[in-house]
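query_34.txt (compact mmCIF, C-alpha atoms)
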# COMPACT_ATOMS: atom_id res chain seq x y z
CA MET A 253 -23.43 22.34 33.50
CA LYS A 254 -20.84 22.92 30.83
CA VAL A 255 -17.92 20.59 30.47
CA ARG A 256 -15.02 21.31 28.19
CA VAL A 257 -12.93 18.45 26.85
CA TYR A 258 -9.54 19.35 25.40
CA VAL A 259 -8.16 16.68 23.10
CA THR A 260 -4.48 16.97 22.24
CA LEU A 261 -1.94 14.75 20.56
CA LYS A 262 0.32 12.83 22.91
CA LYS A 263 3.83 14.08 23.40
CA GLY A 264 6.11 12.67 20.74
CA VAL A 265 3.30 12.10 18.23
CA LEU A 266 4.06 14.04 15.05
CA ASP A 267 1.48 16.78 14.47
CA PRO A 268 1.47 17.64 10.74
CA GLN A 269 -1.19 20.33 11.22
CA GLY A 270 0.73 21.98 14.04
CA LYS A 271 3.85 21.98 11.88
CA ALA A 272 1.99 23.58 8.98
CA ILE A 273 0.58 26.28 11.26
CA HIS A 274 4.06 26.90 12.68
CA HIS A 275 5.45 27.24 9.18
CA ALA A 276 2.68 29.66 8.20
CA LEU A 277 3.30 31.81 11.29
CA GLU A 278 6.98 32.03 10.36
CA GLY A 279 5.92 32.96 6.84
CA LEU A 280 3.94 35.85 8.30
CA GLY A 281 7.07 37.08 10.02
CA PHE A 282 6.26 36.03 13.59
CA ALA A 283 9.63 35.18 15.10
CA GLY A 284 10.17 33.30 18.34
CA VAL A 285 7.49 30.63 17.93
CA ASN A 286 9.22 27.47 19.11
CA ASP A 287 6.53 24.89 18.47
CA VAL A 288 2.84 24.61 17.59
CA ARG A 289 0.52 21.77 18.53
CA ALA A 290 -3.08 21.70 17.29
CA GLY A 291 -5.90 20.01 19.17
CA LYS A 292 -9.66 20.00 19.60
CA LEU A 293 -12.02 21.59 22.07
CA ILE A 294 -15.33 19.80 22.61
CA GLU A 295 -17.98 21.52 24.71
CA LEU A 296 -20.63 19.41 26.38
CA ASP A 297 -23.76 20.61 28.11
CA VAL A 298 -24.57 17.88 30.64
CA ASP A 299 -27.00 17.42 33.51
CA ASP A 300 -25.72 18.90 36.77
CA GLY A 301 -25.54 15.49 38.40
CA THR A 302 -23.25 14.02 35.74
CA ARG A 303 -20.40 12.18 37.42
CA ASP A 304 -16.73 12.70 36.60
CA ALA A 305 -16.47 9.02 35.81
CA ASP A 306 -19.17 9.35 33.12
CA VAL A 307 -17.30 12.15 31.35
CA GLU A 308 -14.07 10.15 31.62
CA GLU A 309 -15.81 7.23 29.95
CA MET A 310 -17.11 9.47 27.15
CA CYS A 311 -13.52 10.57 26.53
CA ARG A 312 -12.10 7.06 26.51
CA LYS A 313 -14.86 5.53 24.38
CA LEU A 314 -15.32 8.23 21.79
CA LEU A 315 -14.06 11.77 22.24
CA ALA A 316 -10.36 10.90 22.25
CA ASN A 317 -8.42 8.10 20.59
CA THR A 318 -6.12 7.22 23.46
CA VAL A 319 -3.68 5.51 21.10
CA ILE A 320 -2.51 8.92 19.95
CA GLU A 321 -4.41 11.50 21.98
CA ASN A 322 -4.65 12.80 25.55
CA TYR A 323 -7.72 14.47 26.96
CA ARG A 324 -8.27 16.99 29.72
CA ILE A 325 -11.65 17.69 31.29
CA GLU A 326 -12.56 21.15 32.54
CA ARG A 327 -15.81 21.85 34.34
CA THR A 328 -17.44 25.24 34.18
CA GLU A 329 -20.56 26.34 36.02
CA THR A 330 -23.69 27.08 34.02
CA VAL A 331 -23.67 30.74 33.13
CA THR A 332 -26.94 32.43 34.09
CA GLY A 333 -27.53 35.65 32.26
CA GLY A 334 -24.53 37.87 31.63
CA VAL A 335 -22.64 38.20 28.41
CA GLY A 336 -21.86 35.68 25.76
CA ALA A 337 -23.82 33.79 23.15
CA MET B 201 -17.45 -17.28 -1.26
CA LYS B 202 -20.29 -15.63 0.60
CA SER B 203 -19.42 -12.03 1.30
CA ALA B 204 -20.94 -8.79 2.51
CA VAL B 205 -19.96 -5.17 2.03
CA ILE B 206 -20.83 -2.81 4.88
CA VAL B 207 -22.22 0.55 3.76
CA PHE B 208 -22.05 3.68 5.93
CA PRO B 209 -23.36 7.13 5.08
CA GLY B 210 -20.36 8.56 3.23
CA SER B 211 -18.90 5.27 2.00
CA ASN B 212 -17.86 5.72 -1.63
CA CYS B 213 -15.88 2.61 -2.56
CA ASP B 214 -18.64 0.15 -1.67
CA ARG B 215 -19.65 -0.46 -5.28
CA ASP B 216 -16.04 -0.85 -6.46
CA LEU B 217 -15.53 -3.43 -3.75
CA ALA B 218 -18.77 -5.24 -4.66
CA GLU B 219 -17.76 -5.32 -8.34
CA ALA B 220 -14.33 -6.73 -7.49
CA LEU B 221 -15.84 -9.44 -5.28
CA LEU B 222 -18.37 -10.35 -7.97
CA LEU B 223 -15.68 -10.47 -10.64
CA VAL B 224 -13.31 -12.69 -8.70
CA SER B 225 -15.74 -14.91 -6.78
CA GLY B 226 -18.61 -15.05 -9.29
CA ARG B 227 -21.01 -14.18 -6.52
CA ALA B 228 -22.35 -10.74 -5.69
CA PRO B 229 -21.82 -9.70 -2.07
CA GLN B 230 -24.73 -8.62 0.07
CA MET B 231 -24.72 -4.92 0.79
CA VAL B 232 -25.34 -4.34 4.50
CA TRP B 233 -26.46 -0.95 5.80
CA HIS B 234 -24.75 0.33 8.95
CA ARG B 235 -28.00 0.36 10.96
CA GLU B 236 -28.32 -3.43 10.77
CA THR B 237 -27.73 -5.24 14.05
CA GLU B 238 -27.22 -8.64 12.46
CA LEU B 239 -25.21 -9.85 9.51
CA PRO B 240 -26.44 -12.38 6.94
CA ALA B 241 -25.75 -15.94 8.14
CA GLY B 242 -22.71 -17.90 7.01
CA LEU B 243 -20.52 -15.10 5.70
CA ASP B 244 -16.97 -16.03 4.71
CA LEU B 245 -15.89 -12.42 4.28
CA ILE B 246 -17.02 -9.05 5.60
CA ALA B 247 -15.57 -6.14 3.65
CA ILE B 248 -15.49 -2.56 4.93
CA PRO B 249 -15.05 -0.11 2.08
CA GLY B 250 -13.26 3.18 1.61
CA GLY B 251 -14.90 6.57 1.71
CA PHE B 252 -15.64 9.23 4.26
CA SER B 253 -18.05 7.59 6.66
CA TYR B 254 -19.98 10.20 8.65
CA GLY B 255 -17.96 12.91 6.93
CA ASP B 256 -14.85 11.88 8.91
CA TYR B 257 -16.38 13.78 11.85
CA LEU B 258 -14.33 13.74 15.06
CA ARG B 259 -11.74 11.35 13.56
CA SER B 260 -11.79 9.20 10.42
CA GLY B 261 -13.74 6.04 11.25
CA ALA B 262 -14.66 7.13 14.79
CA MET B 263 -18.40 7.45 14.20
CA ALA B 264 -18.66 4.36 12.01
CA ALA B 265 -16.95 2.36 14.76
CA GLN B 266 -19.92 3.12 17.02
CA SER B 267 -22.58 2.08 14.50
CA PRO B 268 -24.76 -0.96 15.31
CA VAL B 269 -23.40 -3.14 12.52
CA MET B 270 -19.84 -2.94 13.87
CA ARG B 271 -20.84 -4.85 16.99
CA ALA B 272 -21.98 -7.66 14.69
CA VAL B 273 -18.75 -7.38 12.68
CA ALA B 274 -16.65 -7.63 15.86
CA ALA B 275 -18.61 -10.71 16.93
CA ALA B 276 -18.13 -12.32 13.52
CA ALA B 277 -14.41 -11.53 13.60
CA ALA B 278 -14.17 -13.20 17.01
CA ARG B 279 -15.80 -16.29 15.50
CA GLY B 280 -13.16 -16.35 12.76
CA SER B 281 -14.88 -14.76 9.76
CA PHE B 282 -12.52 -12.90 7.47
CA VAL B 283 -12.77 -9.12 7.77
CA LEU B 284 -11.13 -6.85 5.21
CA GLY B 285 -11.00 -3.09 5.80
CA ILE B 286 -9.73 -0.92 2.98
CA CYS B 287 -8.79 2.75 3.43
CA ASN B 288 -11.65 4.20 5.53
CA GLY B 289 -12.41 0.55 6.35
CA PHE B 290 -8.92 0.28 7.91
CA GLN B 291 -9.59 3.44 9.92
CA VAL B 292 -12.89 1.96 11.12
CA LEU B 293 -11.13 -1.26 12.19
CA THR B 294 -8.55 0.62 14.28
CA GLU B 295 -11.27 2.77 15.87
CA THR B 296 -13.19 -0.44 16.65
CA HIS B 297 -9.98 -1.85 18.20
CA LEU B 298 -10.12 -4.90 15.94
CA LEU B 299 -6.67 -3.72 14.83
CA PRO B 300 -4.05 -1.80 16.84
CA GLY B 301 -2.68 1.67 16.15
CA ALA B 302 -4.25 4.72 14.58
CA LEU B 303 -4.32 6.42 11.18
CA MET B 304 -3.35 10.05 11.43
CA ARG B 305 -3.23 12.93 8.98
CA ASN B 306 -0.64 12.31 6.23
CA SER B 307 2.72 13.74 7.28
CA GLY B 308 2.76 15.97 4.19
CA ILE B 309 -0.71 17.38 5.12
CA ARG B 310 -2.01 16.81 1.60
CA PHE B 311 -4.44 14.19 0.34
CA VAL B 312 -2.45 11.57 -1.56
CA GLY B 313 -4.11 10.00 -4.61
CA ARG B 314 -1.79 8.03 -6.88
CA ASP B 315 -0.53 4.56 -7.73
CA VAL B 316 2.06 3.29 -5.27
CA THR B 317 4.28 0.23 -5.04
CA ILE B 318 3.80 -1.90 -1.96
CA ARG B 319 5.73 -4.96 -0.86
CA VAL B 320 4.06 -8.14 0.38
CA GLU B 321 5.76 -8.77 3.72
CA ASN B 322 3.82 -11.85 4.77
CA SER B 323 2.45 -14.24 2.17
CA GLN B 324 1.20 -16.76 4.74
CA SER B 325 -2.10 -15.10 5.59
CA ALA B 326 -5.39 -15.90 3.88
CA PHE B 327 -5.37 -12.39 2.41
CA THR B 328 -1.87 -12.59 0.99
CA SER B 329 -1.50 -16.24 0.01
CA GLY B 330 -1.98 -15.26 -3.64
CA TYR B 331 1.35 -13.44 -3.54
CA GLU B 332 4.99 -14.40 -3.07
CA ALA B 333 6.76 -13.05 0.01
CA GLY B 334 8.67 -9.94 -0.99
CA GLU B 335 6.61 -9.49 -4.16
CA GLU B 336 6.01 -5.87 -5.14
CA ILE B 337 2.65 -4.84 -6.51
CA VAL B 338 1.25 -1.55 -7.73
CA VAL B 339 -2.09 -0.39 -6.33
CA PRO B 340 -3.75 3.01 -5.97
CA VAL B 341 -3.94 4.97 -2.73
CA ALA B 342 -6.42 7.79 -2.13
CA HIS B 343 -6.39 9.10 1.41
CA HIS B 344 -5.84 12.05 3.70
CA ASP B 345 -5.43 10.10 6.93
CA GLY B 346 -3.19 7.15 6.10
CA ASN B 347 -0.28 7.84 8.40
CA PHE B 348 -0.20 4.66 10.51
CA GLN B 349 1.10 5.20 14.04
CA ALA B 350 1.43 3.01 17.11
CA ASP B 351 3.84 2.92 20.03
CA ALA B 352 7.23 1.27 19.49
CA GLU B 353 6.25 -1.80 21.48
CA THR B 354 3.16 -2.39 19.30
CA LEU B 355 5.18 -1.85 16.11
CA ASP B 356 7.82 -4.32 17.30
CA ARG B 357 5.14 -6.87 18.08
CA LEU B 358 3.44 -6.41 14.68
CA GLU B 359 6.76 -6.95 12.93
CA GLY B 360 7.87 -9.79 15.19
CA GLU B 361 4.63 -11.70 14.72
CA GLY B 362 4.58 -11.27 10.95
CA ARG B 363 1.50 -9.09 11.13
CA VAL B 364 2.76 -6.42 8.77
CA ALA B 365 1.06 -7.63 5.59
CA PHE B 366 2.13 -4.80 3.29
CA ARG B 367 4.75 -2.07 3.38
CA TYR B 368 5.13 0.94 1.08
CA ALA B 369 8.20 0.63 -1.16
CA GLY B 370 8.69 4.41 -0.95
CA GLU B 371 7.53 7.31 1.19
CA VAL B 372 3.77 7.91 0.90
CA ASN B 373 2.19 9.34 4.04
CA GLY B 374 4.66 9.17 6.93
CA SER B 375 3.46 5.80 8.24
CA ALA B 376 5.61 4.32 10.99
CA ARG B 377 8.03 1.80 9.47
CA GLY B 378 6.32 2.23 6.10
CA ILE B 379 3.37 0.13 7.15
CA ALA B 380 0.55 -0.03 4.57
CA GLY B 381 -1.47 -2.94 5.96
CA ILE B 382 -1.64 -5.05 9.11
CA LEU B 383 -3.25 -8.25 10.35
CA ASN B 384 -4.85 -8.99 13.70
CA GLU B 385 -3.34 -11.61 16.00
CA ALA B 386 -5.49 -14.44 14.64
CA GLY B 387 -4.79 -13.44 11.03
CA ASN B 388 -8.44 -13.19 10.00
CA VAL B 389 -8.67 -9.38 10.00
CA LEU B 390 -6.70 -7.24 7.55
CA GLY B 391 -6.67 -3.46 7.33
CA MET B 392 -4.86 -1.67 4.51
CA MET B 393 -4.80 1.86 3.10
CA PRO B 394 -4.17 0.99 -0.59
CA HIS B 395 -7.12 -0.06 -2.74
CA PRO B 396 -6.78 -3.61 -4.11
CA GLU B 397 -10.37 -3.47 -5.41
CA ARG B 398 -9.31 -0.76 -7.85
CA ALA B 399 -6.70 -3.03 -9.40
CA VAL B 400 -8.43 -6.27 -10.39
CA GLU B 401 -8.97 -6.12 -14.16
CA ALA B 402 -7.21 -4.96 -17.29
CA ALA B 403 -9.59 -2.03 -17.68
CA HIS B 404 -8.32 -0.67 -14.35
CA GLY B 405 -4.83 -0.49 -15.83
CA LEU B 406 -3.59 -2.44 -12.80
CA THR B 407 -4.25 -5.99 -11.65
CA GLY B 408 -2.03 -6.17 -8.55
CA GLY B 409 -5.02 -6.35 -6.21
CA ARG B 410 -6.60 -9.39 -7.79
CA PRO B 411 -4.45 -12.07 -6.06
CA LEU B 412 -5.68 -10.77 -2.70
CA PHE B 413 -9.26 -11.71 -3.53
CA GLU B 414 -8.17 -14.95 -5.24
CA GLY B 415 -6.18 -15.91 -2.15
CA LEU B 416 -9.27 -15.38 -0.01
CA LEU B 417 -11.32 -17.59 -2.34
CA GLU B 418 -8.78 -20.35 -1.93
CA ALA B 419 -8.75 -19.87 1.82
CA VAL B 420 -12.48 -20.50 1.99
CA GLY B 421 -12.11 -23.57 -0.20
CA GLN B 422 -13.14 -22.23 -3.59
CA PRO B 423 -10.16 -22.10 -5.97
CA ALA B 424 -10.32 -19.16 -8.36
With the file now loaded, output its structure as structure tokens.
Amino acid sequence: MKVRVYVTLKKGVLDPQGKAIHHALEGLGFAGVNDVRAGKLIELDVDDGTRDADVEEMCRKLLANTVIENYRIERTETVTGGVGA
Amino acid sequence: MKSAVIVFPGSNCDRDLAEALLLVSGRAPQMVWHRETELPAGLDLIAIPGGFSYGDYLRSGAMAAQSPVMRAVAAAAARGSFVLGICNGFQVLTETHLLPGALMRNSGIRFVGRDVTIRVENSQSAFTSGYEAGEEIVVPVAHHDGNFQADAETLDRLEGEGRVAFRYAGEVNGSARGIAGILNEAGNVLGMMPHPERAVEAAHGLTGGRPLFEGLLEAVGQPA
């Protein structure tokens, strides 16, 4: 089973990288971008029986620094065959 | 003073720190590899050096915080040993939750490597007793993630309890309230972004870091 963990900066925490990306987009002439926030996507391949609580604990103990970051867990079914690498 | 320097893969200020401790205390620290599960007995000071432990993967200090030796460091800190984290060492201490807050990417995005003036805010701690309160010293900084952040309540508490040890005299990295170094509640753990170990002898061009180590010597009962 695949689990995706999205780690993002908490609201109100200054995001220097997001600001730099925003600035660069404006430099490229893209108008109408109001704000940019950068985060991380961490993909885990875990045993099918892995409990939600275990993934939560992984997030709290390591994957996110909850002083400054939020995390969101998204479960996806194991893809059998089909497209993709 | 019996001291140890913790070495992680990617540490790069461990030898500078060892040299500074040898110079000031007359005794070479023991170098302790991150895989160790126990520290040498009877340490007065555990020093966590600067560098890029584990390549700064995930977040600066996040991997090092999970290494076996940090459990022993946390236990020693709880028993009252002095723990000094410099630069990456400060990041490791926040990730270990021995100190509050987090060190984020510098607000100006760029790596900052230059001499900066910092002000001694609290001269009552073992780490800062070699200074006068309000004294300004010049020490180098060299970091990409030195932007100290915590929620307003934590910042108020740090200030109210005299746990801000050092503050930048000017803007350096966007740190909340200009904080350059903080103490834990018991006062035996200090984390700071500037590098006092790079400012301990005339050949360094700066000596503003030396009183920090001399103060520690006094605190453990061995006048410099």
query: Could you name the residues that touch region 290-292 of chain B at 7 Å or less, counting all atoms listed in the file, but leaving out those on the same chain fewer than 6 positions away, as a PyMOL selection string?
result: chain B and resi 260-262+264-265+303+391-393
- request: May I have the residues of chain A within 8 Å of chain B, counting all atoms listed in the file, written as a PyMOL selection string?
  value: chain A and resi 266-269+272+314-315+317+319-320
- prompt: Just how far from CA of Ile318 (chain B) is CA of Val265 (chain A), in Å to one decimal?
  reply: 24.6 Å
query: Looking at only C-alpha atoms, which of A:Glu321, A:Glu326, A:Asp300, A:Asp287 is the one that sits closest to Lys271 (chain A)?
result: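 Closest residue, counting only C-alpha atoms: A:Asp287.
Using only C-alpha atoms, the shortest contact distance between Ala277 (chain B) and any of B:Pro240, B:Gly405, B:Gly387, B:Gly210 is found at B:Gly387.
When CA of Pro394 (chain B) is paired with CA of Gly415 (chain B), their separation reads 17.1 Å.
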message: Need to verify the contact set: Met231 (chain B), 7 Å, only C-alpha atoms, exclusion of same-chain residues closer than 2 positions in sequence. Can you return it as a list in words?
response: Ala204, Val205, Ile206, Val207, Pro229 and Trp233 of chain B
message: Which residues are close to Leu243 (chain B), i.e. within 8 Å by only C-alpha atoms, leaving aside same-chain residues fewer than 5 positions away? Reply as a count of residues only.
response: 5
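Surrounding residues of (-12.5, -8.6, -9.4) at most 8 Å away are Glu219, Ala220, Leu221, Leu222, Leu223, Val224, Ser225, Glu397, Val400, Glu401, Arg410 and Phe413 of chain B (based on all atoms listed in the file).
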